[in-house]
Structures are given as structure tokens and as C-alpha cells.
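Novice: Next up, data_6.txt (compact mmCIF, C-alpha atoms).
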# COMPACT_ATOMS: atom_id res chain seq x y z
CA PRO P 1271 194.51 -43.18 -23.87
CA THR P 1272 194.18 -42.25 -20.20
CA VAL P 1273 196.43 -39.90 -18.27
CA ALA P 1274 198.19 -42.98 -16.92
CA ASP P 1275 199.31 -43.80 -20.47
CA LEU P 1276 201.42 -40.63 -20.74
CA ARG P 1277 205.08 -41.42 -21.34
CA PHE P 1278 208.15 -39.24 -20.97
CA MET P 1279 209.45 -40.12 -24.44
CA SER P 1280 207.96 -41.51 -27.61
CA SER P 1281 209.65 -44.70 -28.80
CA SER P 1282 211.01 -42.91 -31.87
CA THR P 1283 212.84 -40.23 -29.90
CA ARG P 1284 216.60 -40.48 -30.35
CA GLU P 1285 217.65 -38.76 -27.15
CA THR P 1286 220.80 -39.86 -25.36
CA VAL P 1287 221.47 -39.60 -21.63
CA PRO P 1288 224.23 -40.91 -19.36
CA SER P 1289 224.01 -44.70 -19.33
CA SER P 1290 224.50 -45.23 -15.60
CA VAL P 1291 223.11 -43.72 -12.41
CA PRO P 1292 226.56 -42.45 -11.25
CA GLY P 1293 227.01 -40.87 -14.68
CA ILE P 1294 223.79 -38.88 -14.33
CA PHE P 1295 225.06 -37.17 -11.18
CA SER P 1296 228.75 -36.96 -12.05
CA LYS P 1297 228.87 -33.14 -12.22
CA VAL P 1298 227.47 -32.51 -8.73
CA GLU P 1299 229.94 -30.68 -6.48
CA GLU P 1300 229.05 -30.28 -2.80
CA ALA P 1301 230.70 -26.86 -2.52
CA LYS P 1302 228.66 -25.64 -5.47
CA VAL P 1303 225.46 -26.95 -3.87
CA GLY P 1304 226.14 -24.89 -0.76
CA SER P 1305 227.08 -21.84 -2.80
CA TYR P 1306 223.81 -22.05 -4.72
CA GLU P 1307 221.65 -22.68 -1.64
CA ARG P 1308 222.93 -19.58 0.17
CA TYR P 1309 221.08 -17.37 -2.33
CA PHE P 1310 217.75 -18.91 -1.32
CA VAL P 1311 217.98 -20.68 2.04
CA ASP P 1312 218.24 -19.16 5.51
CA ALA P 1313 220.98 -21.31 7.08
CA LYS P 1314 219.64 -20.77 10.62
CA GLU P 1315 215.95 -21.19 9.90
CA LYS P 1316 216.50 -23.99 7.34
CA LYS P 1317 213.86 -22.57 5.02
CA THR P 1318 213.64 -20.26 2.03
CA ARG P 1319 214.74 -16.70 2.73
CA VAL P 1320 212.02 -14.11 3.22
CA ASP P 1321 214.24 -11.10 3.95
CA ARG P 1322 213.88 -8.11 1.66
CA ASN P 1323 217.47 -8.29 0.48
CA ALA P 1324 217.24 -11.83 -0.95
CA GLU P 1325 215.62 -10.96 -4.30
CA GLY P 1326 217.96 -8.00 -4.79
CA GLU P 1327 221.02 -10.12 -4.10
CA ARG P 1328 219.86 -12.75 -6.60
CA ARG P 1329 219.09 -10.17 -9.29
CA GLU P 1330 222.55 -8.63 -8.80
CA ALA P 1331 224.18 -12.08 -9.07
CA TYR P 1332 221.77 -13.55 -11.65
CA GLU P 1333 224.57 -14.98 -13.83
CA ASP P 1334 226.10 -16.83 -10.90
CA VAL P 1335 222.70 -18.03 -9.65
CA THR P 1336 221.70 -19.40 -13.04
CA ASN P 1337 225.08 -20.92 -13.87
CA GLN P 1338 225.39 -22.70 -10.54
CA TYR P 1339 221.86 -24.03 -10.84
CA TYR P 1340 222.35 -25.50 -14.31
CA ASP P 1341 225.79 -26.86 -13.47
CA LEU P 1342 224.00 -28.92 -10.83
CA ALA P 1343 220.66 -29.66 -12.49
CA THR P 1344 221.26 -30.16 -16.22
CA GLN P 1345 222.00 -33.89 -16.11
CA PHE P 1346 219.03 -34.49 -13.80
CA TYR P 1347 216.82 -32.60 -16.29
CA GLU P 1348 218.06 -34.49 -19.31
CA TYR P 1349 217.66 -37.87 -17.63
CA GLY P 1350 214.20 -37.19 -16.22
CA TRP P 1351 212.62 -34.92 -18.84
CA GLY P 1352 214.55 -34.97 -22.11
CA GLN P 1353 216.43 -32.38 -24.15
CA SER P 1354 213.70 -29.71 -24.25
CA PHE P 1355 213.68 -28.07 -20.83
CA HIS P 1356 210.17 -26.65 -20.87
CA PHE P 1357 206.49 -27.42 -20.29
CA ALA P 1358 203.61 -27.58 -22.78
CA PRO P 1359 199.81 -27.72 -22.89
CA MET P 1360 198.95 -31.41 -23.04
CA HIS P 1361 196.30 -33.64 -24.60
CA ALA P 1362 195.37 -37.24 -23.84
CA ASP P 1363 196.19 -38.57 -27.32
CA GLU P 1364 199.89 -37.60 -27.24
CA THR P 1365 203.05 -38.36 -25.30
CA LEU P 1366 204.80 -35.66 -23.32
CA ARG P 1367 207.52 -35.50 -25.96
CA GLU P 1368 204.90 -35.00 -28.67
CA SER P 1369 203.30 -32.17 -26.68
CA LEU P 1370 206.69 -30.48 -26.27
CA ARG P 1371 207.36 -30.68 -30.01
CA ARG P 1372 203.91 -29.31 -30.81
CA HIS P 1373 204.57 -26.43 -28.42
CA GLU P 1374 207.81 -25.64 -30.28
CA HIS P 1375 206.20 -25.96 -33.71
CA TYR P 1376 203.49 -23.51 -32.64
CA LEU P 1377 206.09 -20.76 -32.21
CA ALA P 1378 207.62 -21.48 -35.63
CA LEU P 1379 204.20 -21.35 -37.28
CA ARG P 1380 203.10 -18.17 -35.51
CA MET P 1381 206.32 -16.39 -36.51
CA GLY P 1382 206.09 -17.77 -40.04
CA LEU P 1383 209.62 -19.15 -39.99
CA ALA P 1384 210.95 -20.13 -43.40
CA LYS P 1385 213.97 -21.88 -44.81
CA HIS P 1386 217.19 -19.90 -44.40
CA ASP P 1387 215.65 -17.35 -41.99
CA ARG P 1388 218.19 -16.19 -39.42
CA VAL P 1389 216.61 -17.05 -36.08
CA LEU P 1390 217.85 -16.52 -32.52
CA ASP P 1391 217.08 -18.96 -29.68
CA VAL P 1392 217.33 -16.84 -26.53
CA GLY P 1393 218.56 -19.10 -23.72
CA CYS P 1394 218.83 -22.32 -25.73
CA GLY P 1395 219.58 -24.87 -22.96
CA ILE P 1396 221.11 -28.01 -24.45
CA GLY P 1397 219.43 -27.28 -27.76
CA GLY P 1398 216.29 -29.43 -27.83
CA PRO P 1399 213.99 -26.72 -29.28
CA LEU P 1400 216.82 -25.41 -31.46
CA ARG P 1401 217.21 -28.78 -33.19
CA GLU P 1402 213.45 -29.16 -33.55
CA MET P 1403 213.11 -25.70 -35.10
CA ALA P 1404 215.97 -26.42 -37.50
CA HIS P 1405 214.33 -29.65 -38.66
CA PHE P 1406 210.77 -28.28 -38.75
CA ALA P 1407 211.32 -24.89 -40.40
CA GLY P 1408 214.71 -25.32 -42.09
CA SER P 1409 215.83 -22.01 -40.57
CA ASN P 1410 219.38 -21.06 -39.64
CA ILE P 1411 219.21 -21.13 -35.85
CA THR P 1412 221.68 -19.46 -33.50
CA GLY P 1413 221.45 -20.36 -29.83
CA ILE P 1414 222.84 -18.23 -27.01
CA ASN P 1415 223.41 -19.64 -23.54
CA ASN P 1416 225.47 -18.39 -20.62
CA ASN P 1417 226.25 -21.85 -19.22
CA GLN P 1418 229.35 -23.40 -20.79
CA GLY P 1419 228.39 -26.94 -19.78
CA GLN P 1420 225.08 -26.67 -21.60
CA VAL P 1421 226.72 -25.14 -24.68
CA ASP P 1422 229.20 -28.02 -24.77
CA ARG P 1423 226.41 -30.58 -24.37
CA ALA P 1424 224.33 -28.92 -27.10
CA GLN P 1425 227.30 -28.97 -29.49
CA ALA P 1426 227.90 -32.66 -28.81
CA ILE P 1427 224.25 -33.58 -29.47
CA ASN P 1428 224.14 -31.39 -32.59
CA LYS P 1429 227.20 -33.17 -33.95
CA GLU P 1430 225.69 -36.56 -33.17
CA HIS P 1431 222.44 -35.65 -34.97
CA GLY P 1432 224.04 -33.80 -37.87
CA VAL P 1433 222.49 -30.44 -36.97
CA ASN P 1434 224.42 -27.44 -38.25
CA ALA P 1435 223.56 -24.62 -35.88
CA ARG P 1436 225.60 -21.86 -34.29
CA LEU P 1437 225.93 -21.96 -30.50
CA VAL P 1438 227.28 -18.96 -28.62
CA LYS P 1439 228.34 -18.73 -24.99
CA GLY P 1440 227.04 -15.36 -23.83
CA ASP P 1441 224.72 -13.31 -21.64
CA PHE P 1442 221.32 -12.55 -23.17
CA MET P 1443 221.33 -9.22 -21.31
CA SER P 1444 224.29 -8.10 -23.46
CA MET P 1445 224.54 -10.25 -26.58
CA PRO P 1446 227.58 -10.37 -28.91
CA PHE P 1447 225.47 -9.77 -32.03
CA GLY P 1448 225.02 -6.79 -34.30
CA GLU P 1449 221.91 -4.64 -34.62
CA GLY P 1450 219.28 -6.15 -36.89
CA GLU P 1451 221.22 -9.40 -37.30
CA PHE P 1452 218.20 -11.74 -37.01
CA ASP P 1453 214.94 -12.15 -38.90
CA ALA P 1454 213.15 -13.59 -35.85
CA ALA P 1455 213.79 -14.67 -32.27
CA TYR P 1456 212.13 -16.89 -29.69
CA ALA P 1457 212.55 -17.68 -26.00
CA ILE P 1458 211.11 -20.79 -24.34
CA ASP P 1459 211.01 -20.83 -20.53
CA ALA P 1460 214.35 -19.00 -20.46
CA THR P 1461 214.03 -15.24 -19.90
CA CYS P 1462 212.51 -15.91 -16.47
CA HIS P 1463 216.19 -16.06 -15.42
CA ALA P 1464 216.75 -12.44 -16.48
CA PRO P 1465 217.14 -9.91 -13.65
CA ASP P 1466 215.11 -7.40 -15.65
CA LEU P 1467 212.53 -8.32 -18.31
CA VAL P 1468 212.64 -4.89 -19.95
CA GLY P 1469 216.40 -5.23 -20.30
CA VAL P 1470 216.39 -8.65 -21.96
CA TYR P 1471 213.45 -7.76 -24.22
CA LYS P 1472 215.25 -4.58 -25.33
CA GLU P 1473 218.38 -6.57 -26.12
CA VAL P 1474 216.37 -8.97 -28.32
CA TYR P 1475 214.74 -5.90 -29.93
CA ARG P 1476 218.20 -4.54 -30.75
CA VAL P 1477 219.36 -7.65 -32.63
CA LEU P 1478 216.08 -8.07 -34.56
CA LYS P 1479 215.67 -6.54 -37.99
CA PRO P 1480 212.77 -4.05 -38.36
CA GLY P 1481 209.56 -6.02 -38.83
CA GLY P 1482 211.08 -9.09 -37.16
CA TYR P 1483 208.95 -11.27 -34.87
CA PHE P 1484 209.78 -12.25 -31.31
CA ALA P 1485 207.71 -15.03 -29.73
CA GLY P 1486 208.01 -16.99 -26.55
CA TYR P 1487 206.67 -18.60 -23.43
CA GLU P 1488 207.29 -16.83 -20.14
CA TRP P 1489 207.16 -18.16 -16.59
CA CYS P 1490 204.88 -15.81 -14.66
CA MET P 1491 202.85 -15.39 -11.53
CA THR P 1492 199.26 -14.86 -12.68
CA ASP P 1493 196.56 -12.32 -11.80
CA LEU P 1494 195.44 -14.72 -9.04
CA PHE P 1495 198.77 -14.31 -7.26
CA ASP P 1496 198.50 -12.20 -4.11
CA ARG P 1497 201.90 -11.04 -2.86
CA ASN P 1498 200.43 -10.55 0.62
CA ASN P 1499 199.10 -14.11 0.81
CA PRO P 1500 201.68 -16.17 2.78
CA GLU P 1501 200.93 -19.37 0.83
CA HIS P 1502 201.22 -17.62 -2.52
CA ALA P 1503 204.48 -15.98 -1.44
CA ARG P 1504 205.84 -19.36 -0.31
CA ILE P 1505 204.96 -21.00 -3.64
CA LYS P 1506 206.77 -18.21 -5.50
CA ARG P 1507 209.89 -18.48 -3.31
CA GLU P 1508 210.04 -22.25 -3.68
CA ILE P 1509 209.61 -22.13 -7.47
CA GLU P 1510 212.49 -19.64 -7.60
CA PHE P 1511 214.72 -21.76 -5.34
CA GLY P 1512 213.96 -25.00 -7.16
CA ASN P 1513 214.56 -23.51 -10.60
CA GLY P 1514 217.42 -21.02 -10.26
CA ILE P 1515 215.29 -17.89 -10.73
CA ALA P 1516 216.17 -14.57 -9.11
CA ASP P 1517 212.66 -13.06 -9.09
CA LEU P 1518 209.58 -14.32 -10.95
CA LYS P 1519 207.54 -11.59 -12.60
CA THR P 1520 203.77 -11.34 -13.05
CA THR P 1521 201.88 -11.60 -16.33
CA LYS P 1522 201.19 -7.86 -16.11
CA GLN P 1523 204.88 -7.11 -15.66
CA CYS P 1524 205.66 -9.27 -18.70
CA LYS P 1525 203.11 -7.50 -20.87
CA ASP P 1526 204.25 -4.06 -19.69
CA ALA P 1527 207.92 -4.95 -20.27
CA LEU P 1528 207.29 -5.97 -23.89
CA ARG P 1529 205.55 -2.67 -24.58
CA GLU P 1530 208.22 -0.66 -22.76
CA ALA P 1531 210.90 -2.40 -24.85
CA GLY P 1532 209.24 -0.97 -27.96
CA TYR P 1533 207.41 -3.93 -29.51
CA GLU P 1534 204.03 -4.05 -31.18
CA VAL P 1535 202.16 -6.62 -29.06
CA LEU P 1536 200.21 -8.81 -31.50
CA GLU P 1537 199.01 -11.52 -29.12
CA ILE P 1538 199.54 -12.40 -25.48
CA GLY P 1539 197.88 -14.86 -23.09
CA ASP P 1540 198.10 -18.16 -21.20
CA ARG P 1541 198.24 -21.18 -23.53
CA HIS P 1542 197.10 -23.48 -20.72
CA ASP P 1543 193.52 -22.61 -21.64
CA GLY P 1544 192.02 -25.35 -23.82
CA SER P 1545 194.42 -28.17 -22.91
CA THR P 1546 192.79 -31.39 -21.74
CA ILE P 1547 195.55 -32.35 -19.29
CA PRO P 1548 197.22 -29.87 -16.90
CA TRP P 1549 200.79 -28.96 -17.83
CA TYR P 1550 201.89 -30.02 -14.33
CA GLU P 1551 200.45 -33.56 -14.63
CA PRO P 1552 203.86 -35.27 -15.09
CA MET P 1553 205.02 -33.79 -11.78
CA ALA P 1554 201.82 -34.48 -9.85
CA PRO P 1555 200.37 -37.59 -11.52
CA SER P 1556 196.76 -38.45 -10.78
CA SER P 1557 197.59 -42.11 -11.38
CA SER P 1558 200.64 -44.25 -10.60
CA LEU P 1559 200.04 -46.93 -13.21
CA SER P 1560 202.69 -45.71 -15.66
CA LEU P 1561 206.46 -45.51 -15.22
CA THR P 1562 206.35 -41.74 -15.50
CA ALA P 1563 203.63 -41.43 -12.88
CA PHE P 1564 205.36 -43.91 -10.57
CA ARG P 1565 208.62 -41.94 -10.69
CA CYS P 1566 206.76 -38.85 -9.47
CA SER P 1567 204.52 -40.64 -6.94
CA HIS P 1568 205.25 -40.50 -3.22
CA LEU P 1569 206.50 -44.10 -3.35
CA GLY P 1570 208.65 -43.48 -6.43
CA ARG P 1571 210.25 -40.42 -4.86
CA PHE P 1572 210.80 -42.29 -1.60
CA LEU P 1573 212.63 -45.08 -3.44
CA THR P 1574 214.72 -42.60 -5.47
CA ARG P 1575 215.59 -40.59 -2.38
CA ASN P 1576 216.76 -43.66 -0.49
CA MET P 1577 218.63 -45.09 -3.48
CA LEU P 1578 220.60 -41.86 -3.79
CA TRP P 1579 221.29 -41.81 -0.05
CA VAL P 1580 222.78 -45.30 -0.27
CA LEU P 1581 224.81 -44.44 -3.39
CA GLU P 1582 226.10 -41.24 -1.80
CA SER P 1583 226.96 -43.10 1.42
CA ILE P 1584 229.14 -45.58 -0.47
CA ARG P 1585 230.53 -42.78 -2.68
CA LEU P 1586 229.17 -44.03 -5.98
CA VAL P 1587 227.66 -40.58 -6.52
CA PRO P 1588 229.21 -37.27 -5.35
CA SER P 1589 228.46 -35.73 -1.96
CA GLY P 1590 225.67 -33.21 -2.37
CA THR P 1591 223.63 -35.32 -4.81
CA CYS P 1592 220.85 -35.85 -2.26
CA ARG P 1593 220.66 -32.11 -1.60
CA VAL P 1594 220.24 -31.39 -5.32
CA GLN P 1595 217.57 -34.08 -5.58
CA LYS P 1596 215.81 -32.49 -2.59
CA PHE P 1597 215.55 -29.00 -4.09
CA LEU P 1598 214.50 -30.44 -7.46
CA GLU P 1599 211.70 -32.29 -5.66
CA LEU P 1600 210.76 -28.97 -4.07
CA ALA P 1601 210.75 -27.46 -7.57
CA ALA P 1602 208.31 -30.08 -8.85
CA ASP P 1603 206.02 -29.74 -5.82
CA SER P 1604 205.93 -25.94 -5.88
CA LEU P 1605 205.35 -25.81 -9.65
CA ALA P 1606 202.44 -28.22 -9.27
CA GLU P 1607 201.07 -26.12 -6.39
CA GLY P 1608 201.36 -23.01 -8.52
CA GLY P 1609 199.51 -24.75 -11.33
CA LYS P 1610 196.76 -26.16 -9.11
CA THR P 1611 196.14 -22.81 -7.37
CA GLY P 1612 196.28 -20.97 -10.69
CA THR P 1613 198.85 -18.56 -9.27
CA PHE P 1614 201.64 -19.57 -11.67
CA THR P 1615 201.94 -20.43 -15.36
CA PRO P 1616 204.92 -21.45 -17.53
CA LEU P 1617 202.78 -21.04 -20.64
CA TYR P 1618 202.35 -17.27 -20.93
CA PHE P 1619 202.60 -16.90 -24.69
CA PHE P 1620 203.51 -13.70 -26.49
CA LEU P 1621 203.91 -12.79 -30.14
CA VAL P 1622 205.36 -9.33 -30.76
CA ARG P 1623 207.01 -7.49 -33.62
CA LYS P 1624 209.70 -4.86 -33.94
CA PRO P 1625 208.14 -1.94 -35.84
CA LEU P 1626 209.29 -1.35 -39.39
CA GLN P 1627 210.21 2.20 -38.48
Just give me the structure as C-alpha cells.

Specialist:
Amino acid sequence: PTVADLRFMSSSTRETVPSSVPGIFSKVEEAKVGSYERYFVDAKEKKTRVDRNAEGERREAYEDVTNQYYDLATQFYEYGWGQSFHFAPMHADETLRESLRRHEHYLALRMGLAKHDRVLDVGCGIGGPLREMAHFAGSNITGINNNQGQVDRAQAINKEHGVNARLVKGDFMSMPFGEGEFDAAYAIDATCHAPDLVGVYKEVYRVLKPGGYFAGYEWCMTDLFDRNNPEHARIKREIEFGNGIADLKTTKQCKDALREAGYEVLEIGDRHDGSTIPWYEPMAPSSSLSLTAFRCSHLGRFLTRNMLWVLESIRLVPSGTCRVQKFLELAADSLAEGGKTGTFTPLYFFLVRKPLQ
């Protein structure tokens, strides 16, 4: 198969999304859009904030930043991407959904998850990876998420699919679990929302039993990122704005944070190496012959943008929908730029262990 043959979902995937266009955008609130944008956008300059206080303000208000973002973006994500809100290394002989599942299975295999293991999903979204892990490994998965809407959606899908997993509304910087409660933990494209990587890694360390594994994929700026390069700095700011992130860290900061938190670092590195198709291909398609590629092409975006403008004008979708679509487009463009320049990766894999003593 060619890149143009990539599809968003395999035909066997039983994922449910709102059945109508207005339903997809039903949770958009214009006031919330403005409240979210003020963390990132200079109202006078009409561009992303570059003042020194912006990152500090977002870190201080990280819960509000993340919650507002996902209140606005979750239905867009589920409709356009599926129930697993992450990227994956891709190959030409698989669908995107298959690559996402393989990416999830890789964590389970590297941690050696077994039936009845108590496993924590740190920042579980609407539970796509959680359900996959439960089916694949047979483990008892607990998901923690600080967004009530996503927790509610995950519970509804779990019930529909007969998945018995615990879902907890809570902050992963201060989790409502006891020390040593879990045999293993994983985080997939989630702890990038933490204001402090050392802090969230230490909290996972606390709830792991001695000898327990922690594995994950972190969003990071790479060694090629130059903070003093205006283009690199712009890409970083736009990724943060488009994805509800207070302050993206570098791969070095991630590695140092894991060690400072007390883990034995067993393996760490970018999983993009070796894939035959760039992880950002669905957002920047090299061909427009498939439905997926057409949606992300300039023409496809133009048609979507104008369709939403018409629907918003006649009040079939809430006011503010076009603004959300605009910053999600910016998210896709900046992520693709980060991938193409090699300055950003969402595939920074780590496998660490809490020492036995």
C-alpha cells in the first residue's frame, strides 16, 4: 500500500462518535474559547505571546489550561482521530489505527504486563489505550484524568464495550492513591501537560510498588531545538497553544527528570527512528488521494473552514466553533513543522523502574 492508502480507522474498529456535525461541536462555549486563548494569544498583536511571564502563568494555572483545552477539543479529537489521543511510528502496511494499537502494545510488552496486574494509566483521556491494554494484557487498569468530561466519556464507552476498569477524576500531580498501590504505570502523550516533569514522575514513583515499571511516550523538543532560533521558538509556542500545554520540555529535561525522581533508567530514546512513514503524515499528507489525506489538504481544510463558518452563521453550531477549529489547524501545522525540522517529537520513549530498595 502507498501512503495515500492510509486510513484513519480500520473497518473492524468499533469506535463511536457523535452522529451529526452539530453534535461534534456541541460542547463549544465562546466564553471558554476566549478564556483559553488569553493564556497563549496577545490580544493586541493577535499572535502567540512571547512575553516572559506567559509560560509561568500557564504553569501556575496548568489545571485550568488543560481542562479548558479538552473541554473544547475532545469531541474534535474523537471525530477526527479516534479514541486514542496520541501519535505512533507508522509503516506502509498498516492503518493509522493499527499503528496506534501497536504503539500501545509495545508498552505492555516492554513492561511485561500480565493478567491481574494493577496498572495505572497516567492521564487516560477518554480511555482508548486503557481499553486496549485491558484487552491485550488482561491487566486491571486504573485511569486518572483531571477532566470530568473525558472521564464521563470514558465511562460511557467502557460500559458500551463491557470493559471493567476504574476511572478516577484527579490531578496526576497529587494522586488519590496509596504508596505502592500499582504494579506498573504508563503515560502516553499525557505528562506533557504537567507543570513540572520531576513532580509528576515523583508522584508516579510514589504509587508504584518497589520494582515496578513505568513506561511512556513524552512530547519533547529535541536536541536540534535552539531556543534562540526565532522559527524554533515559534514552532514550540504554536504547539503549546494548539495542544493545551503550559511549557514543552526537552528530551534532556525529560531524561534528567526521570533520574531526579529516583528511577533506574533502563531505556530511553526516540521511537520515530526506523518507521517507514513519518508520524506527522496524517496531518501533512504527501498525497490527497485518500479521504484522510483530503481532510488535511489545503482544499479539505478550506472546505471544512467554510462549512463551519456557514453553520456558525446560521447557529447550527455554537459561536466560537470556528476559533477552536482555527487553533486546532495551527496545532496540526506546528506539529508537522516540528516533525519536519526534527525539533519536536511525540515519540520519546522511556522505560524506567522503581528500585527494589

Novice: Which residue, P:Asp1422, P:Glu1368, P:Asp1391, P:Glu1607, has the smallest gap to P:Val1477 when you use all atoms listed in the file?

Specialist: P:Asp1391

Novice: P:Met1381, P:Leu1528, P:Leu1586, P:Ile1396: which is nearest P:Asp1453, counting all atoms listed in the file?

Specialist: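 Of all the options, P:Met1381 lies closest to P:Asp1453.
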
Novice: Between P:Phe1406, P:Trp1489, P:Trp1549, P:Tyr1339, which is the closest to P:Val1303 once you count only C-alpha atoms?

Specialist: P:Tyr1339

Novice: Leaving out stretch 1543-1546 of chain P and any residue of its chain fewer than 5 positions from it, which residues lie within 8 Å of it when counting only C-alpha atoms, given as a PyMOL selection string?

Specialist: chain P and resi 1359-1362

Novice: Counting only C-alpha atoms, which of P:Leu1390, P:Ala1516, P:Val1580, P:Ile1538 gets nearest to P:Arg1436?

Specialist: P:Leu1390

Novice: Which residues are close to P:Glu1307, i.e. within 12 Å by only C-alpha atoms, leaving aside same-chain residues fewer than 6 positions away? Reply as a list in words.

Specialist: Glu1300, Ala1301, Ala1313, Lys1316, Lys1317, Thr1318, Arg1319, Ala1324, Arg1328, Asp1334, Val1335, Thr1336, Gln1338, Tyr1339, Leu1342, Glu1508, Glu1510, Phe1511, Gly1512, Asn1513, Gly1514, Gly1590, Arg1593, Val1594, Lys1596 and Phe1597 of chain P

Novice: Now that the selection is made, can you save its residues with C-alpha atoms as a compact mmCIF listing (two decimals), in the coordinates of the input?

Specialist:
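This is the output file again.txt:
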# COMPACT_ATOMS: atom_id res chain seq x y z
CA GLU P 1300 229.05 -30.28 -2.80
CA ALA P 1301 230.70 -26.86 -2.52
CA ALA P 1313 220.98 -21.31 7.08
CA LYS P 1316 216.50 -23.99 7.34
CA LYS P 1317 213.86 -22.57 5.02
CA THR P 1318 213.64 -20.26 2.03
CA ARG P 1319 214.74 -16.70 2.73
CA ALA P 1324 217.24 -11.83 -0.95
CA ARG P 1328 219.86 -12.75 -6.60
CA ASP P 1334 226.10 -16.83 -10.90
CA VAL P 1335 222.70 -18.03 -9.65
CA THR P 1336 221.70 -19.40 -13.04
CA GLN P 1338 225.39 -22.70 -10.54
CA TYR P 1339 221.86 -24.03 -10.84
CA LEU P 1342 224.00 -28.92 -10.83
CA GLU P 1508 210.04 -22.25 -3.68
CA GLU P 1510 212.49 -19.64 -7.60
CA PHE P 1511 214.72 -21.76 -5.34
CA GLY P 1512 213.96 -25.00 -7.16
CA ASN P 1513 214.56 -23.51 -10.60
CA GLY P 1514 217.42 -21.02 -10.26
CA GLY P 1590 225.67 -33.21 -2.37
CA ARG P 1593 220.66 -32.11 -1.60
CA VAL P 1594 220.24 -31.39 -5.32
CA LYS P 1596 215.81 -32.49 -2.59
CA PHE P 1597 215.55 -29.00 -4.09

Novice: Which is closest to P:Gln1345 among P:Val1311, P:Leu1467, P:Leu1494, P:Leu1598, if we use only C-alpha atoms?

Specialist: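 For P:Gln1345, the nearest of the given residues is P:Leu1598.
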